[in-house]
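A.B. asks: Pasting a structure here, questions to come.
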Amino acid sequence: MPQALAAHHLTQGWTFKQADDASEDAWLPVARVPTNVHLDLIDNGKIPDPFLGFNELQAEWVADKTWTYKVKLPEVGPPQDGTVTVLAFDGLDTFATVRLNGEVILESDNMFVPHRLDVTRQLKSGEDNLLEIDFASARLRAIEIREAHPEHTWVGFNGDMSRLAVRKAQYHWGWDWGPVLNTCGPWRSVRLETYQSRISDLRIDYTLDDSLKSVKGTIAAKVEGPSGEVVVFEVQSGDDLVFKETASVGDGVAKIEFHVNDPLLWYPHGYGDQPLYKVTATVSADGVNVHQSARRTGFRRGELVQQPDEIGKTFFFRVNGVDVFCGGSDWIPADSFTPRVSAETYRKWLELMVDGYQVMIRIWGGGIWEEDVFYDLCDELGILVWQDFMFGCGNYPAFPEILESIRNECHANVARLRHHPSIIIYAGNNEDYQVQESYGLTYDYEDKNPENWLETNFPARYIYEKLLPEVVDAESPHVAYHPGSPWGDGLKTSNNKVGDMHQWNVWHGTQEKYQIFDTLGGRFNSEFGMEAFPHIDTIKYYCTDASQLYPQSHMLDFHNKADGHERRIATYLVENFRTQTDLEAFIHLTQLSQAEALMFGYRGWRRQWGQKRHCGGALVWQLNDCWPVTSWSIVDYFLRKKPAYYAMRRVLAPVAVAVKRAHHDWSVVHARVPRTSDFEVWVASSQAAELTATVEVRFISIATGKEIKDKVVKKDMKIAANGTTDVTSGTIDNINEEPHVLAARIWVQDELVARDVDWPQPLKYLSFEERGVQVQRKGDTMVVTADKPTKGVVFEERTGVLMHDSAIDVVPGDEQVIQVRGLAADDAPLKWTYLGRS
């Protein structure tokens with residue numbers, strides 16, 4: 001009688017030890033697998049939590065040891081005819097020697113490559129079977145490999161350059177936002193599987209016709225084991241069966257063609273729905289179902305549109321014929337120890353993006369190929385994924401052994417991910433072409449012979465321009481491939497006319513004023529950012545010495561890994577704000593600086609979207625943190641939103657009004673005020689249809705709160721669909737008019753949908769005394785009013801409490817109502833502050 005596949009997930013019963021510890025009590029319990037050795041050492045009190053204080057330094061020794069894990073395998077019984085037993089390892093981090101009953105069955109050196117080992121003959125029936133895994137030091141092995149290849153130029157940004165020799169998450173060597181915590185261990189699932197036949201791969205290839213009214217394609221199942229005879233394929237939409245067909249297995253493959261009329265199409269959120277089809281393949285033997293495999297997928301046409309125009313070449317995404325402005329974020333691993341990131345935590349992160357009107361997330365190339373649940377959630381929530389391959393900030397070697405490892409890694413992962421409709425682009429690396437430029441490595445774009453590239457001091461070009469595009473073409477041909485980020489037609493990576501760019505001349509580089517962020521962008525701004533401190537509760541969590549709770553303390557500086565962060569934060573604060581030394585006031589200023597910087601960038605780039613798609617999108621560096629730290633994140637490690645999150649949310653809203661006076665660089669004209677300043681008002685809309693709106697602009701004295709001249713009201717304005725609409729413009733008389741804000745609002749169908757307030761810059765020259773701010777709680781809302789224009793009303797971020805807005809500007813005569821969830825009637829009111837509050 002055929003038997004169905006049985007899987008034992010080996011999560012419990014493990015122990016581990018330092019490999020060279022021969023003492024009787026060396027073996028220690030492991031709470032769970034998947035795991036990292038640091039988690040197990042913390043659980044057993046062998047190292048302190050490296051996220052607290054200076055404890056990172058107390059954990060450095062862990063990376064230089066070999067660690068052994070072992071577990072007794074469950075009894076699977078004597079092998080039956082045609083039955084195989086396999087040990088499956090979804091991820092071993094990184095240099096792993098696997099032994100079964102003392103015999104070496106695997107040597108692995110790539111944490112991203114899954115392994116399946118047939119152990120049918122090695123298992124002893126009726127006896128204990130012992131699985132042991134030795135994890136050697138990746139740090140020390142990396143140094144050995146680097147020293148063995150003196151012919152290679154080992155250069156790059158961040159961490160020890162020996163990291164380039166090892167196929168392991170590069171941020172484990174430390175980054176300018178993360179600690180040096182070099183992990184090892186069984187970091188993904190370990191299973192013992194017994195089966196006669198199984199589906200090893202399920203692939204859906206399809207095309208949509210030009211009308212988007214019909215989809216056709218093939219579904220193919222690879223079948224392992226000789227007993228599998230037929231495969232039944234089913235396609236379901238919700239509870240409805242839309243397709244069913246049976247195919248025989250031949251040469252290990254069963255394949256059918258399918259056709260669906262009037263398919264439900266998948267869109268990014270805000271542009272349509274996210275219907276998902278469930279594709280199931282069931283293999284049977286002698287009429288018994290022995291294994292089933294399923295994928296959730298969505299039908300969509302995704303395009304990267306790169307067409308010549310009057311500037312250079314466009315770079316934007318089109319889904320099902322709809323142009324999509326990709327406002328969003330860059331993503332790093334959510335923890336230094338990724339096995340403890342739960343599905344619930346992933347959901348919180350990604351729902352936070354949707355709530356913030358963010359359409360795209362870029363999975364950065366120095367982290368990990370993310371967990372399946374991450375992509376499942378992006379499919380479900382309608383978040384487009386820009387997926388980097390795992391190369392970051394370095395000149396990677398390309399000797400034969402590592403090329404083979406990279407090829408295996410990338411085939412395995414692209415095949416794993418290819419059914420996800422959310423994945424819209426693969427990019428070859430993060431900033432490796434910038435490394436090539438910075439170190440003068442050879443790159444002749446006109447030389448199209450890949451074998452020549454291997455002979456240069458920039459051999460990784462072979463990976464990015466030959467190996468990886470071949471992988472994508474073979475495994476996921478419906479997804480665009482881009483050689484790197486940033487990259488554009490082999491031109492300099494700072495080119496703003498083609499490709500994508502990383503704009504770091506605010507914060508890094510020339511440290512430009514953030515007020516001109518929008519003038520510094522390119523066709524697609526895939527990285528830019530501004531640092532800000534996390535909230536006080538996060539700082540108090542890691543700051544274990546209360547005497548260190550001041551802005552420039554040793555412990556707080558230790559939790560900021562960015563080079564020169566002291567002078568960079570200071571520069572932007574001194575240029576824009578009246579300095580504060582109290583910690584909470586200082587935190588508020590850094591957060592306002594970040595919020596203002598990102599607002600100026602996103603607001604202007606979204607306007608350029610409406611100007612013939614001059615800017616296709618902007619992804620802030622970065623959404624998240626991997627530990628409690630001061631960084632460029634807009635939400636900290638504990639999911640506490642910084643004010644910048646809300647500032648982005650407002651400018652990325654489906655309809656957003658914008659008002660902006662011309663920039664005047666006060667610091668190069670000895671703080672002279674210009675006689676006049678031009679201003680502009682416009683509206684950005686991502687809506688599919690034209691809207692009719694009323695737009696208002698008021699001119700309000702900062703000193704008195706009175707309107708200094710008549711407001712401008714534009715009624716029955718036609719707001720362009722999926723673009724921007726200029727509303728009005730004018731001139732401010734800075735000699736005869738007192739300093740004032742320009743306060744804009746927009747109504748659609750009598751509903752107030754957006755605001756914007758433009759302030760004279762820099763804010764440090766303005767007085768914010770006696771603003772008359774009032775915050776009243778009314779049920780599940782907070783009502784905010786002010787007698788005079790008020791900048792940056794920021795509310796406390798309390799765990800379990802969600803607000804739909806914060807970091808708001810408030811002007812007289814415009815009551816703002818903020819929705820609040822999770823605040824019980826008898827809870828203490830949320831604390832709040834604003835710029836200049838005494």
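A note on labels: chains of the structure tokens are A, B, ... as shown, every chain counts residues from 1, and ligands are counted from 1 in their shown order.
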Could you pull the residues within 6 Å of range 449-466 of chain A, counting only C-alpha atoms, minus those fewer than 4 positions along the same chain, as a PyMOL selection string?

C.D. replies: chain A and resi 396+398+428+441-442+483

A.B. asks: Would you mind exporting the chosen residues as a tab-separated table (two decimals), in the first residue's frame, restricted to N, CA, C and O atoms?

C.D. replies:
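Writing done, so here's again_15.tsv:
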```
chain	number	residue	atom	x	y	z
A	396	TYR	N	33.24	41.61	-4.99
A	396	TYR	CA	33.13	40.18	-4.71
A	396	TYR	C	34.02	39.36	-5.63
A	396	TYR	O	34.15	39.68	-6.83
A	398	ALA	N	35.23	36.01	-7.85
A	398	ALA	CA	34.48	35.16	-8.78
A	398	ALA	C	35.32	33.95	-9.19
A	398	ALA	O	35.30	33.54	-10.34
A	428	GLY	N	20.94	43.01	-9.13
A	428	GLY	CA	22.11	42.16	-8.94
A	428	GLY	C	22.88	42.37	-7.66
A	428	GLY	O	23.51	41.44	-7.16
A	441	LEU	N	38.27	50.37	-9.98
A	441	LEU	CA	38.36	49.04	-10.57
A	441	LEU	C	37.96	49.09	-12.05
A	441	LEU	O	37.20	49.96	-12.47
A	442	THR	N	38.44	48.14	-12.81
A	442	THR	CA	38.24	48.14	-14.25
A	442	THR	C	36.80	47.79	-14.61
A	442	THR	O	36.29	46.74	-14.19
A	483	PRO	N	21.02	45.07	-13.26
A	483	PRO	CA	22.33	44.57	-12.81
A	483	PRO	C	22.76	44.98	-11.40
A	483	PRO	O	23.54	44.26	-10.76
```

A.B. asks: Please provide the set of residues having any atom within 8 Å of Glu596 in chain A, restricted to only C-alpha atoms, with same-chain residues fewer than 6 positions apart removed, written as JSON, numbers by chain.

C.D. replies: {"A": [514, 515, 644, 647]}

A.B. asks: Produce a file of the selected residues containing N, CA and C atoms, as an mmCIF file, in the first residue's frame.

C.D. replies:
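Dumped everything to selection_34.cif:
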```
data_model
loop_
_atom_site.group_PDB
_atom_site.id
_atom_site.type_symbol
_atom_site.label_atom_id
_atom_site.label_comp_id
_atom_site.auth_asym_id
_atom_site.auth_seq_id
_atom_site.Cartn_x
_atom_site.Cartn_y
_atom_site.Cartn_z
ATOM 1 N N TYR A 514 18.666 69.710 3.385
ATOM 2 C CA TYR A 514 17.593 68.769 3.064
ATOM 3 C C TYR A 514 16.411 69.455 2.375
ATOM 4 N N GLN A 515 16.351 70.777 2.474
ATOM 5 C CA GLN A 515 15.256 71.485 1.799
ATOM 6 C C GLN A 515 15.309 71.338 0.274
ATOM 7 N N ALA A 644 9.018 60.727 11.135
ATOM 8 C CA ALA A 644 9.197 60.654 9.678
ATOM 9 C C ALA A 644 8.203 59.700 9.035
ATOM 10 N N ALA A 647 5.187 61.750 8.413
ATOM 11 C CA ALA A 647 5.437 62.743 7.369
ATOM 12 C C ALA A 647 5.381 62.089 5.993
#
```

A.B. asks: If we count only C-alpha atoms and set the cut-off at 12 Å, which residues sit around Lys711 in chain A, ignoring sequence neighbours fewer than 6 positions away in its own chain? Please answer as a list of chain:residue names.

C.D. replies: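 Skipping anything fewer than 6 positions along the chain leaves A:Val695, A:Glu696, A:Val697, A:Arg698, A:Phe699, A:Ile700, A:Thr728, A:Gly730, A:Val741, A:Leu742, A:Ala743, A:Ala744, A:Arg745.
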
A.B. asks: Go ahead and dump the residues you just picked, N, CA and C atoms, as a CSV table (one decimal), in the first residue's frame.

C.D. replies:
```
chain,number,residue,atom,x,y,z
A,695,VAL,N,-9.3,73.7,-3.4
A,695,VAL,CA,-8.0,73.8,-2.7
A,695,VAL,C,-8.0,75.2,-2.1
A,696,GLU,N,-7.5,75.3,-0.9
A,696,GLU,CA,-7.4,76.6,-0.2
A,696,GLU,C,-5.9,76.8,0.3
A,697,VAL,N,-5.5,78.1,0.2
A,697,VAL,CA,-4.2,78.5,0.7
A,697,VAL,C,-4.4,79.7,1.6
A,698,ARG,N,-3.9,79.6,2.9
A,698,ARG,CA,-4.0,80.7,3.8
A,698,ARG,C,-2.6,81.2,4.2
A,699,PHE,N,-2.5,82.5,4.5
A,699,PHE,CA,-1.3,83.1,4.8
A,699,PHE,C,-1.3,83.6,6.3
A,700,ILE,N,-0.7,82.9,7.2
A,700,ILE,CA,-0.9,83.1,8.6
A,700,ILE,C,0.3,83.5,9.3
A,728,THR,N,-1.8,76.8,-8.1
A,728,THR,CA,-1.6,78.2,-8.1
A,728,THR,C,-0.2,78.5,-7.7
A,730,GLY,N,2.5,82.1,-6.6
A,730,GLY,CA,2.5,83.5,-6.2
A,730,GLY,C,3.9,83.9,-5.7
A,741,VAL,N,3.3,81.5,7.6
A,741,VAL,CA,3.2,80.1,7.0
A,741,VAL,C,2.2,80.2,5.9
A,742,LEU,N,2.4,79.3,4.9
A,742,LEU,CA,1.4,79.0,3.9
A,742,LEU,C,0.7,77.7,4.2
A,743,ALA,N,-0.6,77.8,4.5
A,743,ALA,CA,-1.3,76.6,5.0
A,743,ALA,C,-2.3,76.2,3.9
A,744,ALA,N,-2.1,75.0,3.3
A,744,ALA,CA,-2.9,74.5,2.2
A,744,ALA,C,-3.8,73.4,2.7
A,745,ARG,N,-5.0,73.4,2.1
A,745,ARG,CA,-6.0,72.2,2.4
A,745,ARG,C,-6.7,71.9,1.1
```

A.B. asks: What is the CA of Tyr69 in chain A to CA of Tyr346 in chain A distance in Å?

C.D. replies: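 These two atoms are separated by 27.7 Å.
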
A.B. asks: Can you tell me, as a ChimeraX atom specification, what residues are no more than 10 Å from range 518-526 of chain A when counting only C-alpha atoms, ignoring any on the same chain fewer than 5 positions away?

C.D. replies: /A:306,311-316,325-330,361-362,386,485-486,488,494-506,512,597-609,613-621

A.B. asks: Write out as a JSON list (two decimals) with N, CA and C atoms, in the first residue's frame all residues of range 345-489 of chain A that DSSP puts in strand (DSSP E or B) for this structure's backbone.

C.D. replies:
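Written file, result_38.json:
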```json
[["chain", "number", "residue", "atom", "x", "y", "z"],
["A", 360, "MET", "N", 6.10, 49.97, -2.20],
["A", 360, "MET", "CA", 7.21, 49.08, -2.53],
["A", 360, "MET", "C", 8.17, 48.93, -1.36],
["A", 361, "ILE", "N", 8.70, 47.72, -1.21],
["A", 361, "ILE", "CA", 9.77, 47.46, -0.26],
["A", 361, "ILE", "C", 10.94, 46.83, -1.01],
["A", 362, "ARG", "N", 12.13, 47.33, -0.70],
["A", 362, "ARG", "CA", 13.34, 46.79, -1.35],
["A", 362, "ARG", "C", 14.11, 45.95, -0.33],
["A", 363, "ILE", "N", 14.25, 44.67, -0.62],
["A", 363, "ILE", "CA", 15.01, 43.77, 0.26],
["A", 363, "ILE", "C", 16.48, 43.91, -0.09],
["A", 384, "LEU", "N", 4.67, 45.76, -3.51],
["A", 384, "LEU", "CA", 5.63, 45.36, -4.53],
["A", 384, "LEU", "C", 6.99, 45.14, -3.87],
["A", 385, "VAL", "N", 7.70, 44.10, -4.33],
["A", 385, "VAL", "CA", 9.01, 43.75, -3.77],
["A", 385, "VAL", "C", 10.09, 43.97, -4.82],
["A", 386, "TRP", "N", 11.04, 44.81, -4.45],
["A", 386, "TRP", "CA", 12.31, 44.93, -5.18],
["A", 386, "TRP", "C", 13.28, 44.02, -4.44],
["A", 387, "GLN", "N", 13.73, 42.97, -5.11],
["A", 387, "GLN", "CA", 14.57, 41.95, -4.46],
["A", 387, "GLN", "C", 16.00, 42.07, -4.96],
["A", 388, "ASP", "N", 16.90, 42.51, -4.07],
["A", 388, "ASP", "CA", 18.32, 42.44, -4.38],
["A", 388, "ASP", "C", 18.81, 41.01, -4.26],
["A", 392, "GLY", "N", 26.55, 43.00, -1.26],
["A", 392, "GLY", "CA", 26.42, 44.35, -0.76],
["A", 392, "GLY", "C", 27.75, 45.03, -0.51],
["A", 394, "GLY", "N", 30.70, 45.74, -1.94],
["A", 394, "GLY", "CA", 32.01, 45.12, -2.00],
["A", 394, "GLY", "C", 32.39, 44.68, -3.40],
["A", 423, "ILE", "N", 6.78, 40.17, -6.31],
["A", 423, "ILE", "CA", 8.15, 40.42, -6.73],
["A", 423, "ILE", "C", 8.14, 40.99, -8.15],
["A", 424, "ILE", "N", 8.59, 42.23, -8.27],
["A", 424, "ILE", "CA", 8.46, 42.98, -9.53],
["A", 424, "ILE", "C", 9.82, 43.20, -10.21],
["A", 425, "ILE", "N", 10.93, 43.07, -9.44],
["A", 425, "ILE", "CA", 12.26, 43.27, -10.00],
["A", 425, "ILE", "C", 13.29, 42.54, -9.15],
["A", 426, "TYR", "N", 14.31, 42.01, -9.84],
["A", 426, "TYR", "CA", 15.52, 41.50, -9.19],
["A", 426, "TYR", "C", 16.66, 42.44, -9.55],
["A", 427, "ALA", "N", 17.45, 42.82, -8.54],
["A", 427, "ALA", "CA", 18.63, 43.65, -8.79],
["A", 427, "ALA", "C", 19.88, 42.89, -8.35],
["A", 430, "ASN", "N", 23.81, 45.50, -4.17],
["A", 430, "ASN", "CA", 23.68, 46.81, -3.55],
["A", 430, "ASN", "C", 25.03, 47.53, -3.55],
["A", 480, "ALA", "N", 11.50, 41.50, -14.16],
["A", 480, "ALA", "CA", 12.61, 42.29, -14.71],
["A", 480, "ALA", "C", 13.88, 42.05, -13.92],
["A", 481, "TYR", "N", 15.03, 42.15, -14.62],
["A", 481, "TYR", "CA", 16.34, 42.06, -13.96],
["A", 481, "TYR", "C", 17.10, 43.35, -14.22],
["A", 482, "HIS", "N", 17.77, 43.83, -13.16],
["A", 482, "HIS", "CA", 18.53, 45.08, -13.21],
["A", 482, "HIS", "C", 19.90, 44.75, -12.60],
["A", 485, "SER", "N", 22.03, 48.05, -7.86],
["A", 485, "SER", "CA", 21.37, 49.24, -7.33],
["A", 485, "SER", "C", 22.42, 50.02, -6.56],
["A", 487, "TRP", "N", 22.37, 51.58, -10.62],
["A", 487, "TRP", "CA", 22.98, 51.23, -11.92],
["A", 487, "TRP", "C", 22.13, 51.82, -13.03]]
```

A.B. asks: Measuring atom to atom with only C-alpha atoms, identify which of A:Gly779, A:Gly126, A:Pro179, A:Gly102 is nearest to Pro79 in chain A.

C.D. replies: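 The shortest atom-to-atom distance to Pro79 in chain A comes from A:Gly126.
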
A.B. asks: For the helix (DSSP H, G or I) assignment from backbone DSSP, which residues of range 278-358 of chain A qualify? Please present them as number ranges by chain.

C.D. replies: A: 338-340, 343-355

A.B. asks: Keeping only all heavy atoms, write the selected residues as a CSV table (one decimal), in the first residue's frame.

C.D. replies:
```
chain,number,residue,atom,x,y,z
A,338,THR,N,17.7,36.4,13.2
A,338,THR,CA,16.5,36.3,12.4
A,338,THR,C,15.5,35.1,12.8
A,338,THR,O,14.3,35.2,12.6
A,338,THR,CB,16.7,36.2,10.9
A,338,THR,OG1,17.6,35.1,10.6
A,338,THR,CG2,17.4,37.5,10.4
A,339,PRO,N,16.0,34.0,13.4
A,339,PRO,CA,15.1,32.9,13.7
A,339,PRO,C,14.0,33.4,14.7
A,339,PRO,O,13.0,32.7,14.9
A,339,PRO,CB,16.0,31.8,14.3
A,339,PRO,CG,17.3,32.0,13.6
A,339,PRO,CD,17.4,33.5,13.5
A,340,ARG,N,14.3,34.4,15.5
A,340,ARG,CA,13.3,34.8,16.4
A,340,ARG,C,12.3,35.9,15.9
A,340,ARG,O,11.4,36.3,16.6
A,340,ARG,CB,13.9,35.4,17.7
A,340,ARG,CG,14.6,36.7,17.6
A,340,ARG,CD,15.2,37.1,19.0
A,340,ARG,NE,16.0,38.3,18.9
A,340,ARG,CZ,16.7,38.7,20.0
A,340,ARG,NH1,16.7,38.0,21.1
A,340,ARG,NH2,17.5,39.8,19.9
A,343,ALA,N,6.1,35.2,12.5
A,343,ALA,CA,5.2,35.6,11.4
A,343,ALA,C,4.4,36.8,11.8
A,343,ALA,O,4.1,37.7,11.0
A,343,ALA,CB,4.3,34.4,11.1
A,344,GLU,N,4.0,36.9,13.1
A,344,GLU,CA,3.2,38.0,13.6
A,344,GLU,C,4.0,39.3,13.5
A,344,GLU,O,3.4,40.3,13.1
A,344,GLU,CB,2.8,37.7,15.1
A,344,GLU,CG,2.0,38.9,15.7
A,344,GLU,CD,1.8,38.7,17.2
A,344,GLU,OE1,2.5,37.9,17.8
A,344,GLU,OE2,0.9,39.3,17.7
A,345,THR,N,5.3,39.2,13.8
A,345,THR,CA,6.1,40.4,13.7
A,345,THR,C,6.2,40.9,12.2
A,345,THR,O,6.2,42.1,11.9
A,345,THR,CB,7.5,40.2,14.3
A,345,THR,OG1,7.3,39.9,15.7
A,345,THR,CG2,8.4,41.4,14.2
A,346,TYR,N,6.5,39.9,11.3
A,346,TYR,CA,6.5,40.3,9.9
A,346,TYR,C,5.2,41.0,9.5
A,346,TYR,O,5.2,41.9,8.7
A,346,TYR,CB,6.8,39.0,9.1
A,346,TYR,CG,8.2,38.6,8.9
A,346,TYR,CD1,8.6,37.4,9.3
A,346,TYR,CD2,9.1,39.5,8.3
A,346,TYR,CE1,10.0,37.0,9.1
A,346,TYR,CE2,10.5,39.1,8.2
A,346,TYR,CZ,10.9,37.8,8.6
A,346,TYR,OH,12.2,37.5,8.4
A,347,ARG,N,4.1,40.4,9.9
A,347,ARG,CA,2.8,41.0,9.6
A,347,ARG,C,2.7,42.5,10.1
A,347,ARG,O,2.3,43.3,9.3
A,347,ARG,CB,1.7,40.2,10.1
A,347,ARG,CG,0.3,40.8,9.7
A,347,ARG,CD,-0.8,39.8,10.1
A,347,ARG,NE,-1.0,38.7,9.2
A,347,ARG,CZ,-1.6,38.7,8.0
A,347,ARG,NH1,-2.1,39.9,7.6
A,347,ARG,NH2,-1.7,37.7,7.3
A,348,LYS,N,3.1,42.7,11.3
A,348,LYS,CA,3.1,44.0,11.8
A,348,LYS,C,3.9,45.0,11.0
A,348,LYS,O,3.5,46.1,10.7
A,348,LYS,CB,3.6,44.1,13.3
A,348,LYS,CG,2.6,43.5,14.3
A,348,LYS,CD,3.1,43.5,15.7
A,348,LYS,CE,2.1,42.9,16.7
A,348,LYS,NZ,2.7,42.9,18.1
A,349,TRP,N,5.1,44.6,10.6
A,349,TRP,CA,6.0,45.4,9.8
A,349,TRP,C,5.3,45.8,8.5
A,349,TRP,O,5.3,46.9,8.0
A,349,TRP,CB,7.3,44.8,9.5
A,349,TRP,CG,8.3,44.9,10.6
A,349,TRP,CD1,8.8,44.0,11.5
A,349,TRP,CD2,9.0,46.2,11.0
A,349,TRP,NE1,9.7,44.5,12.4
A,349,TRP,CE2,9.8,45.9,12.1
A,349,TRP,CE3,8.9,47.5,10.6
A,349,TRP,CZ2,10.6,46.8,12.7
A,349,TRP,CZ3,9.6,48.5,11.2
A,349,TRP,CH2,10.5,48.1,12.3
A,350,LEU,N,4.8,44.8,7.8
A,350,LEU,CA,4.2,45.0,6.5
A,350,LEU,C,2.9,45.7,6.5
A,350,LEU,O,2.6,46.5,5.6
A,350,LEU,CB,4.2,43.7,5.7
A,350,LEU,CG,5.6,43.1,5.4
A,350,LEU,CD1,5.6,41.7,4.9
A,350,LEU,CD2,6.4,44.0,4.5
A,351,GLU,N,2.1,45.4,7.5
A,351,GLU,CA,0.8,46.2,7.6
A,351,GLU,C,1.1,47.7,7.9
A,351,GLU,O,0.4,48.5,7.4
A,351,GLU,CB,-0.1,45.6,8.7
A,351,GLU,CG,-0.7,44.3,8.3
A,351,GLU,CD,-1.6,43.7,9.4
A,351,GLU,OE1,-1.5,44.1,10.5
A,351,GLU,OE2,-2.4,42.8,9.1
A,352,LEU,N,2.2,47.9,8.6
A,352,LEU,CA,2.6,49.3,8.9
A,352,LEU,C,2.9,50.0,7.6
A,352,LEU,O,2.6,51.2,7.4
A,352,LEU,CB,3.8,49.2,9.8
A,352,LEU,CG,4.6,50.4,10.3
A,352,LEU,CD1,5.1,50.0,11.7
A,352,LEU,CD2,5.7,50.7,9.4
A,353,MET,N,3.5,49.3,6.6
A,353,MET,CA,3.8,49.9,5.3
A,353,MET,C,2.5,50.3,4.6
A,353,MET,O,2.3,51.4,4.0
A,353,MET,CB,4.6,48.9,4.4
A,353,MET,CG,6.0,48.8,4.8
A,353,MET,SD,6.9,48.0,3.5
A,353,MET,CE,6.9,49.2,2.2
A,354,VAL,N,1.5,49.3,4.6
A,354,VAL,CA,0.3,49.6,3.9
A,354,VAL,C,-0.5,50.8,4.5
A,354,VAL,O,-1.0,51.7,3.9
A,354,VAL,CB,-0.6,48.3,3.9
A,354,VAL,CG1,-2.0,48.6,3.3
A,354,VAL,CG2,0.1,47.2,3.1
A,355,ASP,N,-0.5,50.8,5.9
A,355,ASP,CA,-1.1,51.9,6.6
A,355,ASP,C,-0.4,53.2,6.2
A,355,ASP,O,-1.1,54.3,6.3
A,355,ASP,CB,-1.0,51.7,8.1
A,355,ASP,CG,-1.9,50.5,8.6
A,355,ASP,OD1,-2.8,50.1,7.8
A,355,ASP,OD2,-1.7,50.1,9.7
```

A.B. asks: Rounded to one decimal place, report the CA of Arg163 in chain A-CA of Phe399 in chain A distance in Å.

C.D. replies: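 So the two atoms, CA of Arg163 in chain A and CA of Phe399 in chain A, lie 15.0 Å apart.
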
A.B. asks: Counting only C-alpha atoms, which residue out of A:Ala19, A:Met111, A:Val479, A:Cys543 sits closest to Leu417 in chain A?

C.D. replies: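 Closest to Leu417 in chain A, using only C-alpha atoms: A:Val479.
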
A.B. asks: With only C-alpha atoms as the atoms that count, which of A:Arg116, A:Val775, A:Lys513, A:Leu623 lies nearest to His663 in chain A?

C.D. replies: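 Of the candidates, the smallest distance to His663 in chain A is held by A:Lys513.
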
A.B. asks: Show which residues sit within 9 Å of range 20-27 of chain A, as number ranges by chain. Count only C-alpha atoms, and ignore same-chain residues fewer than 5 positions away.

C.D. replies: A: 15, 65-67, 69

A.B. asks: Those residues with N, CA and C atoms, as an mmCIF file, in the first residue's frame please?

C.D. replies:
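Generated output (part32.cif):
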```
data_model
loop_
_atom_site.group_PDB
_atom_site.id
_atom_site.type_symbol
_atom_site.label_atom_id
_atom_site.label_comp_id
_atom_site.auth_asym_id
_atom_site.auth_seq_id
_atom_site.Cartn_x
_atom_site.Cartn_y
_atom_site.Cartn_z
ATOM 1 N N THR A 15 20.705 19.685 21.727
ATOM 2 C CA THR A 15 21.657 20.277 22.666
ATOM 3 C C THR A 15 22.825 20.821 21.853
ATOM 4 N N LYS A 65 34.670 30.686 17.614
ATOM 5 C CA LYS A 65 34.628 29.305 18.088
ATOM 6 C C LYS A 65 33.860 28.415 17.115
ATOM 7 N N THR A 66 34.132 27.111 17.201
ATOM 8 C CA THR A 66 33.314 26.118 16.507
ATOM 9 C C THR A 66 32.266 25.613 17.487
ATOM 10 N N TRP A 67 31.016 25.467 16.990
ATOM 11 C CA TRP A 67 29.911 25.054 17.841
ATOM 12 C C TRP A 67 29.278 23.789 17.277
ATOM 13 N N TYR A 69 26.026 21.107 17.372
ATOM 14 C CA TYR A 69 24.625 20.843 17.719
ATOM 15 C C TYR A 69 24.339 19.366 17.475
#
```

A.B. asks: Tell me, as a list in words, which residues lie within 6 Å of range 793-795 of chain A, counting only C-alpha atoms; anything in the same chain fewer than 5 positions away does not count.

C.D. replies: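 Counting only C-alpha atoms, the residues come to Ser806, Ala807, Ile808, Lys831, Trp832, Thr833 and Tyr834 of chain A.
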
A.B. asks: How many Å lie between CA of Met1 in chain A and CA of Thr282 in chain A, rounded to one decimal?

C.D. replies: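 Spanning CA of Met1 in chain A to CA of Thr282 in chain A is a straight-line distance of 17.2 Å.
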